[in-house]
>>> print(open('query_10.txt').read())   # compact mmCIF, C-alpha atoms
# COMPACT_ATOMS: atom_id res chain seq x y z
CA MET N 1 -16.37 17.33 17.60
CA SER N 2 -13.86 19.97 16.44
CA ASP N 3 -11.36 19.12 13.70
CA LYS N 4 -8.49 19.21 16.19
CA ARG N 5 -10.21 16.82 18.58
CA ASN N 6 -11.22 14.53 15.72
CA ILE N 7 -7.61 14.33 14.52
CA MET N 8 -6.40 13.60 18.06
CA PHE N 9 -9.04 10.89 18.44
CA GLU N 10 -8.09 9.23 15.15
CA ILE N 11 -4.41 9.29 16.12
CA ALA N 12 -5.22 7.75 19.51
CA ARG N 13 -7.50 5.18 17.88
CA GLY N 14 -4.77 4.20 15.45
CA LEU N 15 -2.13 3.89 18.17
CA ILE N 16 -4.42 1.72 20.28
CA ALA N 17 -5.16 -0.56 17.29
CA ILE N 18 -1.43 -0.91 16.60
CA THR N 19 -0.75 -1.58 20.28
CA ILE N 20 -3.38 -4.34 20.33
CA ALA N 21 -1.86 -5.89 17.20
CA ILE N 22 1.63 -5.87 18.74
CA ALA N 23 0.20 -7.30 21.99
CA VAL N 24 -1.39 -10.17 20.03
CA ALA N 25 1.97 -10.75 18.35
CA PHE N 26 3.66 -10.84 21.78
CA LEU N 27 1.25 -13.51 23.00
CA LEU N 28 1.84 -15.64 19.92
CA ILE N 29 5.60 -15.21 20.25
CA PHE N 30 5.53 -16.36 23.87
CA ALA N 31 3.44 -19.35 22.83
CA SER N 32 5.58 -20.40 19.84
CA SER N 33 9.16 -19.49 20.74
CA ASP N 34 11.58 -21.26 23.05
CA ASP N 35 13.34 -17.94 23.67
CA PRO N 36 10.68 -15.17 23.70
CA ALA N 37 13.14 -12.50 24.86
CA SER N 38 15.39 -13.10 21.84
CA ALA N 39 12.37 -13.17 19.53
CA LEU N 40 11.10 -9.82 20.83
CA GLN N 41 14.56 -8.33 20.44
CA CYS N 42 14.59 -9.48 16.81
CA LEU N 43 11.16 -7.95 16.21
CA LEU N 44 11.63 -4.59 17.90
CA ILE N 45 15.34 -3.78 18.10
CA ARG N 46 17.46 -5.88 15.76
CA PRO N 47 16.08 -4.36 12.52
CA VAL N 48 17.96 -1.14 13.35
CA TRP N 49 20.36 -1.97 16.20
CA THR N 50 22.72 -4.95 16.36
CA SER N 51 25.74 -5.62 18.60
CA GLY N 52 25.63 -2.15 20.11
CA ALA N 53 25.62 -0.28 16.80
CA LEU N 54 23.24 0.85 14.10
CA ASN N 55 22.54 -1.88 11.56
CA THR N 56 22.89 0.31 8.48
CA LYS N 57 22.35 -2.47 5.96
CA SER N 58 19.13 -3.56 7.68
CA ILE N 59 17.87 0.03 7.78
CA LEU N 60 18.50 0.40 4.05
CA THR N 61 16.74 -2.94 3.49
CA ILE N 62 13.69 -1.61 5.33
CA LEU N 63 13.67 1.56 3.22
CA GLY N 64 14.00 -0.51 0.06
CA ARG N 65 11.04 -2.67 1.00
CA THR N 66 8.81 0.35 1.46
CA THR N 67 8.99 1.19 -2.27
CA PRO N 68 6.30 -1.19 -3.64
CA MET N 69 4.21 -0.68 -0.49
CA ILE N 70 4.16 3.08 -1.09
CA PHE N 71 2.88 2.62 -4.64
CA THR N 72 0.14 0.15 -3.68
CA GLY N 73 -0.75 2.24 -0.62
CA LEU N 74 -1.20 5.31 -2.83
CA ALA N 75 -3.27 3.25 -5.26
CA VAL N 76 -5.63 2.13 -2.50
CA CYS N 77 -5.85 5.69 -1.12
CA VAL N 78 -7.09 7.01 -4.47
CA MET N 79 -9.64 4.23 -4.91
CA PHE N 80 -10.82 4.28 -1.29
CA SER N 81 -11.28 8.07 -1.52
CA ALA N 82 -13.86 7.38 -4.24
CA ASN N 83 -15.45 4.77 -1.95
CA GLN N 84 -14.29 1.99 -4.26
CA PHE N 85 -13.15 -1.09 -2.35
CA ASN N 86 -11.04 -2.37 -5.22
CA LEU N 87 -8.69 -5.28 -4.41
CA GLY N 88 -7.11 -5.52 -7.85
CA GLY N 89 -3.75 -4.05 -6.85
CA GLU N 90 -2.23 -7.52 -6.57
CA GLY N 91 -2.96 -8.41 -10.18
CA ALA N 92 -1.86 -4.98 -11.40
CA VAL N 93 1.47 -5.29 -9.55
CA MET N 94 2.16 -8.73 -11.03
CA ALA N 95 1.12 -7.79 -14.56
CA GLY N 96 3.02 -4.50 -14.45
CA GLY N 97 6.17 -6.25 -13.29
CA PHE N 98 5.84 -9.02 -15.89
CA VAL N 99 5.26 -6.72 -18.87
CA ALA N 100 8.05 -4.38 -17.73
CA ALA N 101 10.40 -7.37 -17.55
CA LEU N 102 9.44 -8.47 -21.09
CA VAL N 103 10.18 -4.98 -22.41
CA GLY N 104 13.49 -5.10 -20.57
CA ILE N 105 14.35 -8.43 -22.23
CA TYR N 106 13.00 -8.23 -25.77
CA VAL N 107 12.88 -4.52 -26.68
CA PRO N 108 16.46 -3.19 -26.76
CA MET N 109 16.83 0.55 -26.26
CA SER N 110 19.46 3.00 -25.18
CA ALA N 111 20.35 3.46 -21.53
CA GLY N 112 17.97 5.80 -19.72
CA LEU N 113 15.19 5.47 -22.28
CA HIS N 114 14.93 1.70 -21.74
CA VAL N 115 14.18 1.83 -18.03
CA VAL N 116 11.71 4.69 -18.46
CA ALA N 117 9.88 2.88 -21.26
CA SER N 118 9.77 -0.37 -19.29
CA VAL N 119 8.30 1.31 -16.20
CA LEU N 120 5.86 3.35 -18.31
CA ILE N 121 4.53 0.28 -20.15
CA GLY N 122 4.21 -1.59 -16.85
CA THR N 123 2.27 1.39 -15.46
CA ILE N 124 -0.09 1.46 -18.45
CA THR N 125 -0.64 -2.30 -18.11
CA GLY N 126 -1.74 -1.90 -14.50
CA GLY N 127 -4.16 0.87 -15.46
CA LEU N 128 -5.66 -1.14 -18.32
CA ILE N 129 -6.26 -4.13 -16.07
CA MET N 130 -8.20 -2.03 -13.59
CA ILE N 131 -10.56 -0.83 -16.32
CA ILE N 132 -12.29 -4.23 -16.14
CA PRO N 133 -13.71 -4.05 -12.57
CA ALA N 134 -14.30 -0.31 -12.99
CA VAL N 135 -16.48 -0.71 -16.09
CA LEU N 136 -18.29 -3.69 -14.56
CA LYS N 137 -19.08 -1.49 -11.57
CA VAL N 138 -20.33 1.47 -13.58
CA LYS N 139 -22.19 -0.37 -16.33
CA LEU N 140 -23.47 -3.51 -14.59
CA LYS N 141 -23.38 -2.43 -10.92
CA ALA N 142 -21.15 -5.43 -10.19
CA SER N 143 -19.29 -5.32 -6.88
CA GLU N 144 -15.80 -4.04 -7.58
CA MET N 145 -14.54 -5.92 -4.52
CA VAL N 146 -15.63 -9.31 -5.88
CA SER N 147 -14.69 -8.70 -9.53
CA SER N 148 -11.26 -7.26 -8.70
CA LEU N 149 -10.50 -10.02 -6.21
CA MET N 150 -11.26 -12.70 -8.80
CA LEU N 151 -9.42 -10.73 -11.47
CA ASN N 152 -6.20 -11.04 -9.44
CA TYR N 153 -6.17 -14.79 -9.96
CA VAL N 154 -7.12 -14.51 -13.62
CA VAL N 155 -4.14 -12.20 -14.14
CA MET N 156 -1.87 -14.46 -12.11
CA TYR N 157 -2.68 -17.56 -14.16
CA ILE N 158 -2.37 -15.68 -17.45
CA VAL N 159 1.08 -14.42 -16.41
CA LEU N 160 2.15 -17.88 -15.25
CA HIS N 161 0.88 -19.43 -18.49
CA PHE N 162 2.97 -17.12 -20.68
CA LEU N 163 5.93 -17.35 -18.32
CA ASN N 164 5.93 -21.17 -18.44
CA MET N 165 4.94 -21.69 -22.06
CA ASN N 166 6.55 -18.80 -23.92
CA PHE N 167 9.18 -16.86 -21.99
CA ALA N 168 10.87 -19.31 -19.58
CA ASP N 169 14.61 -19.87 -19.72
CA ARG N 170 14.76 -23.68 -19.90
CA SER N 171 18.44 -23.72 -18.98
CA LYS N 172 17.62 -22.72 -15.42
CA GLY N 173 16.49 -25.03 -12.64
CA ALA N 174 13.67 -22.68 -11.58
CA THR N 175 11.00 -21.14 -13.77
CA GLN N 176 12.13 -17.65 -14.72
CA THR N 177 12.60 -15.46 -17.78
CA PHE N 178 15.85 -14.75 -19.55
CA PRO N 179 17.92 -11.95 -17.97
CA MET N 180 16.77 -8.39 -18.59
CA GLU N 181 19.06 -6.02 -20.45
CA SER N 182 21.25 -3.99 -18.10
CA THR N 183 19.88 -0.79 -19.68
CA SER N 184 16.42 -1.61 -18.32
CA LEU N 185 17.47 -2.23 -14.71
CA ILE N 186 16.98 0.32 -11.95
CA GLY N 187 20.23 0.94 -10.12
CA LYS N 188 20.89 0.60 -6.40
CA MET N 189 21.17 3.75 -4.33
CA VAL N 190 23.61 1.84 -2.09
CA THR N 191 25.42 -1.15 -3.58
CA GLY N 192 24.70 -4.48 -1.89
CA THR N 193 21.35 -3.40 -0.43
CA GLU N 194 17.70 -3.57 -1.50
CA LEU N 195 17.41 0.23 -1.69
CA THR N 196 17.04 1.28 -5.32
CA TRP N 197 16.40 4.57 -7.10
CA GLY N 198 12.77 3.50 -7.13
CA PHE N 199 12.51 4.80 -3.56
CA PRO N 200 12.85 8.52 -4.44
CA VAL N 201 10.47 7.90 -7.35
CA ALA N 202 7.94 6.57 -4.81
CA ILE N 203 8.38 9.72 -2.69
CA ILE N 204 7.85 11.92 -5.75
CA ALA N 205 4.74 9.87 -6.61
CA THR N 206 3.47 10.49 -3.06
CA ILE N 207 3.81 14.26 -3.47
CA LEU N 208 2.14 14.21 -6.90
CA VAL N 209 -0.79 12.09 -5.68
CA ALA N 210 -1.25 14.38 -2.67
CA ILE N 211 -1.32 17.44 -4.94
CA PHE N 212 -3.74 15.68 -7.29
CA MET N 213 -6.10 14.66 -4.48
CA TYR N 214 -6.12 17.94 -2.54
CA ARG N 215 -5.19 20.66 -5.03
CA THR N 216 -7.02 19.73 -8.25
CA ARG N 217 -10.63 19.66 -9.38
CA TRP N 218 -10.42 15.97 -10.26
CA GLY N 219 -9.10 15.09 -6.82
CA TYR N 220 -11.86 17.12 -5.17
CA THR N 221 -14.44 15.35 -7.35
CA ILE N 222 -13.09 11.92 -6.36
CA ARG N 223 -13.28 12.79 -2.67
CA MET N 224 -16.78 14.28 -2.97
CA ILE N 225 -18.08 11.16 -4.72
CA GLY N 226 -16.54 9.07 -1.97
CA ILE N 227 -18.32 11.12 0.69
CA ASN N 228 -21.74 11.22 -0.99
CA GLU N 229 -22.19 9.66 -4.42
CA SER N 230 -25.89 10.58 -4.73
CA PHE N 231 -25.28 14.26 -3.94
CA SER N 232 -22.37 14.31 -6.40
CA LYS N 233 -24.59 12.84 -9.12
CA TYR N 234 -27.38 15.35 -8.60
CA SER N 235 -24.91 18.25 -8.46
CA GLY N 236 -23.82 17.45 -12.02
CA MET N 237 -20.62 15.50 -11.47
CA LYS N 238 -19.84 12.73 -13.94
CA VAL N 239 -19.83 10.02 -11.32
CA GLY N 240 -19.37 7.05 -13.65
CA ALA N 241 -16.37 8.53 -15.45
CA VAL N 242 -14.73 9.56 -12.18
CA LEU N 243 -15.21 6.10 -10.66
CA VAL N 244 -13.50 4.55 -13.67
CA ILE N 245 -10.68 7.12 -13.62
CA SER N 246 -10.03 6.65 -9.89
CA GLN N 247 -9.66 2.90 -10.32
CA VAL N 248 -7.50 3.24 -13.44
CA ILE N 249 -5.19 5.61 -11.52
CA GLY N 250 -5.01 3.04 -8.73
CA GLY N 251 -4.13 0.31 -11.22
CA ALA N 252 -1.50 2.49 -12.88
CA LEU N 253 0.18 3.21 -9.54
CA SER N 254 0.16 -0.49 -8.67
CA GLY N 255 1.56 -1.39 -12.08
CA MET N 256 4.32 1.18 -11.64
CA GLY N 257 5.14 -0.29 -8.24
CA GLY N 258 5.38 -3.78 -9.74
CA ALA N 259 7.56 -2.59 -12.61
CA ILE N 260 9.95 -0.70 -10.35
CA GLU N 261 10.17 -3.63 -7.94
CA VAL N 262 11.00 -6.16 -10.67
CA LEU N 263 13.47 -3.91 -12.51
CA GLY N 264 15.15 -2.84 -9.29
CA ARG N 265 15.27 -6.07 -7.26
CA TYR N 266 15.75 -8.81 -9.85
CA GLU N 267 17.63 -9.59 -13.05
CA THR N 268 14.89 -11.95 -14.29
CA PHE N 269 11.15 -12.20 -13.70
CA ARG N 270 10.65 -15.07 -11.25
CA TRP N 271 7.38 -14.49 -9.38
CA GLN N 272 5.47 -17.78 -9.19
CA GLY N 273 2.43 -16.27 -7.50
CA LEU N 274 0.87 -13.02 -6.40
CA PRO N 275 3.63 -11.01 -4.67
CA GLY N 276 1.49 -9.74 -1.78
CA TYR N 277 2.15 -6.01 -2.21
CA GLY N 278 -1.48 -5.31 -3.12
CA TRP N 279 -2.74 -6.80 0.14
CA THR N 280 -0.09 -4.89 2.09
CA GLY N 281 -1.18 -1.71 0.33
CA LEU N 282 -4.61 -2.09 1.94
CA THR N 283 -3.06 -2.06 5.41
CA VAL N 284 -0.80 0.85 4.49
CA ALA N 285 -3.73 2.94 3.21
CA ILE N 286 -5.82 2.15 6.28
CA LEU N 287 -2.95 3.11 8.59
CA ALA N 288 -2.51 6.34 6.61
CA LYS N 289 -6.26 7.13 6.87
CA ASN N 290 -6.37 7.55 3.06
CA ASN N 291 -3.95 10.47 3.32
CA PRO N 292 -1.24 10.14 0.62
CA ILE N 293 1.31 12.13 2.63
CA LEU N 294 1.13 9.59 5.46
CA VAL N 295 1.53 6.58 3.16
CA PRO N 296 5.38 6.47 3.27
CA PHE N 297 5.32 6.50 7.07
CA ALA N 298 2.74 3.71 7.21
CA ALA N 299 4.76 1.72 4.65
CA LEU N 300 7.90 2.26 6.74
CA PHE N 301 6.12 0.89 9.82
CA ILE N 302 4.95 -2.24 7.98
CA ALA N 303 8.38 -2.74 6.38
CA TYR N 304 9.99 -2.46 9.84
CA LEU N 305 7.68 -5.14 11.21
CA ASP N 306 8.27 -7.28 8.13
CA ARG N 307 12.03 -7.08 8.66
CA GLY N 308 11.62 -7.85 12.37
CA CYS N 309 9.50 -10.92 11.61
CA GLU N 310 12.08 -12.07 9.08
CA LEU N 311 14.83 -11.81 11.71
CA MET N 312 12.65 -13.67 14.23
CA SER N 313 12.27 -16.48 11.72
CA ILE N 314 16.04 -16.68 11.20
CA TYR N 315 17.32 -16.29 14.75
CA ALA N 316 14.43 -17.27 17.03
CA GLY N 317 12.48 -19.89 15.10
CA VAL N 318 9.26 -17.86 15.00
CA PRO N 319 7.27 -18.24 11.74
CA ALA N 320 7.81 -15.31 9.34
CA GLU N 321 4.03 -15.28 8.74
CA MET N 322 3.71 -13.37 12.02
CA ILE N 323 3.65 -10.16 9.95
CA ASP N 324 0.44 -11.37 8.28
CA ILE N 325 -1.20 -11.82 11.68
CA ILE N 326 -0.15 -8.34 12.80
CA GLN N 327 -1.47 -6.78 9.58
CA ALA N 328 -4.75 -8.69 9.92
CA VAL N 329 -5.33 -7.44 13.47
CA ILE N 330 -4.50 -3.84 12.48
CA PHE N 331 -6.88 -4.12 9.50
CA LEU N 332 -9.61 -5.55 11.75
CA PHE N 333 -9.54 -2.76 14.31
CA PHE N 334 -9.09 0.07 11.82
CA ALA N 335 -11.95 -1.20 9.67
CA ALA N 336 -14.29 -1.78 12.64
CA GLU N 337 -16.48 1.30 12.77
CA GLN N 338 -17.65 0.55 16.31
CA PHE N 339 -14.09 0.30 17.67
CA MET N 340 -13.92 3.06 20.33
CA ALA N 341 -17.26 4.44 19.11
CA LYS N 342 -18.44 5.01 22.71
CA THR N 343 -15.31 7.00 23.47
CA LYS N 344 -15.88 9.17 20.42
CA HIS N 345 -19.51 9.69 21.45
CA LYS N 346 -18.42 10.82 24.92
CA MET N 347 -15.91 13.24 23.36
CA VAL N 348 -18.63 14.69 21.13
CA VAL N 349 -20.98 15.17 24.09
CA LYS N 350 -18.23 16.69 26.22
CA GLY N 351 -17.21 19.04 23.41
CA ALA N 352 -20.83 20.13 22.91
CA LYS N 353 -21.23 20.84 26.63
CA GLU N 354 -18.06 22.93 26.66
CA GLU N 355 -19.23 24.93 23.66
CA MET N 356 -22.63 25.55 25.30
CA LYS N 357 -20.89 26.65 28.48
CA GLN N 358 -18.73 29.11 26.53
CA ILE N 359 -21.83 30.50 24.81
CA GLU N 360 -23.58 31.00 28.16
CA LEU N 361 -20.52 32.73 29.60
CA ALA N 362 -20.35 34.97 26.55
CA LYS N 363 -24.04 35.89 27.00
CA GLU N 364 -23.49 36.70 30.66
CA GLY N 365 -20.55 38.86 29.76
CA GLY N 366 -22.54 40.72 27.15
CA ASP N 367 -20.43 39.50 24.24
CA LEU N 368 -23.52 38.00 22.51
>>> encode(input="query_10.txt", output="structure tokens")
Amino acid sequence: MSDKRNIMFEIARGLIAITIAIAVAFLLIFASSDDPASALQCLLIRPVWTSGALNTKSILTILGRTTPMIFTGLAVCVMFSANQFNLGGEGAVMAGGFVAALVGIYVPMSAGLHVVASVLIGTITGGLIMIIPAVLKVKLKASEMVSSLMLNYVVMYIVLHFLNMNFADRSKGATQTFPMESTSLIGKMVTGTELTWGFPVAIIATILVAIFMYRTRWGYTIRMIGINESFSKYSGMKVGAVLVISQVIGGALSGMGGAIEVLGRYETFRWQGLPGYGWTGLTVAILAKNNPILVPFAALFIAYLDRGCELMSIYAGVPAEMIDIIQAVIFLFFAAEQFMAKTKHKMVVKGAKEEMKQIELAKEGGDL
């Protein structure tokens, strides 16, 4: 199959998977809502259009919610490109956000420097956490999927322990830290919305990751190892080191996403469990086909559905967890290698026949 046809097939395959996921959501909405028409309007239209006009605040909310998804989506893209099914983004996001918040509370600095230092330390924390499953994979051949999945809960309980025992503000009714210094907070791009200056940082990160993956030797090495690890090893590539680096980069991106989310959305650290951005990053990366440039668009799609499900919960009584069902169905069909495999086989056969026909015509015409 030619590259053009392969791209067209993957686009069609993705659209069909998304359509099936939305269709499943429709069926569940009709089964669970007393007013399905209103629920569907909330899911598909109300996030951007309300009372005959653009809902600007909702649109900015959607853009704001893409920020952590972009970071975790990029993280998964890098790790998946190395054929590393690492699920540790959740723990890295939570740890990065927690450590960034502590720096924002207890390490006073000047404006500008404070927020940069907080995000940077949160980023480093995420990268350090991901060293654990990476080294276990390289040195002990332990499954990075299992070790990173379990590591998420280890990180979560460590964070909750220190939050409850050492850093909680006891004057508050809910468990949370003391307020962060204003110098450490990321400002809003539009006051009164969820859109912060972390959003353009996420776009810049997308461009940098794309350049790294497709315009540098290290990025090429990561992709080659992902395609064929044995060939890469015998061709002289340092496979073990690259596997560790790819997962550390993924952890650093996740940690940065967590730090930017906490410093931009909250005044205190108040997460009582894993925030969910790591799991969403898996769906985003799968939708983007491991292409960093497509990650913001995939994150925008998921954020749109998330906002629609939230509005359904408020105005139509449909559970907000509907977004989890939609993501699960999308993940299922994108990850299923046999989904539309027969169609792809037919396209390959048809393309081969057309090429043979062109060769025969060229021979008859004396061109060959």
>>> atom_distance(input="query_10.txt", atom1="atom CA of Phe167 of chain N", atom2="atom CA of Glu181 of chain N")
14.7 Å
>>> atom_distance(input="query_10.txt", atom1="atom CA of Thr123 of chain N", atom2="atom CA of Gly96 of chain N")
6.0 Å
>>> closest_residue(input="query_10.txt", among="N:Tyr315, N:Arg215, N:Lys188, N:Phe98", to="Gln272 of chain N", atoms="all atoms listed in the file")
N:Phe98
>>> residues_near_point(input="query_10.txt", point="(16.6, 0.3, -21.2)", cutoff="8 Å", atoms="only C-alpha atoms", output="PyMOL selection string")
chain N and resi 104+108-118+181-185
>>> closest_residue(input="query_10.txt", among="N:Phe269, N:Tyr106, N:Phe231, N:Phe71", to="Asn164 of chain N", atoms="all atoms listed in the file")
N:Phe269
>>> atom_distance(input="query_10.txt", atom1="atom CA of Lys172 of chain N", atom2="atom CA of Leu102 of chain N")
17.4 Å
>>> closest_residue(input="query_10.txt", among="N:Met145, N:Ala328, N:Ala53, N:Ala252", to="Thr125 of chain N", atoms="all atoms listed in the file")
N:Ala252
>>> closest_residue(input="query_10.txt", among="N:Gln247, N:Gln327, N:Val239, N:Ala21", to="Ala298 of chain N", atoms="all atoms listed in the file")
N:Gln327
>>> closest_residue(input="query_10.txt", among="N:Ala174, N:Val146, N:Leu287, N:Ala75", to="Ile11 of chain N", atoms="only C-alpha atoms")
N:Leu287
>>> closest_residue(input="query_10.txt", among="N:Ile286, N:Ile59, N:Ile29, N:Ile314", to="Pro47 of chain N", atoms="all atoms listed in the file")
N:Ile59
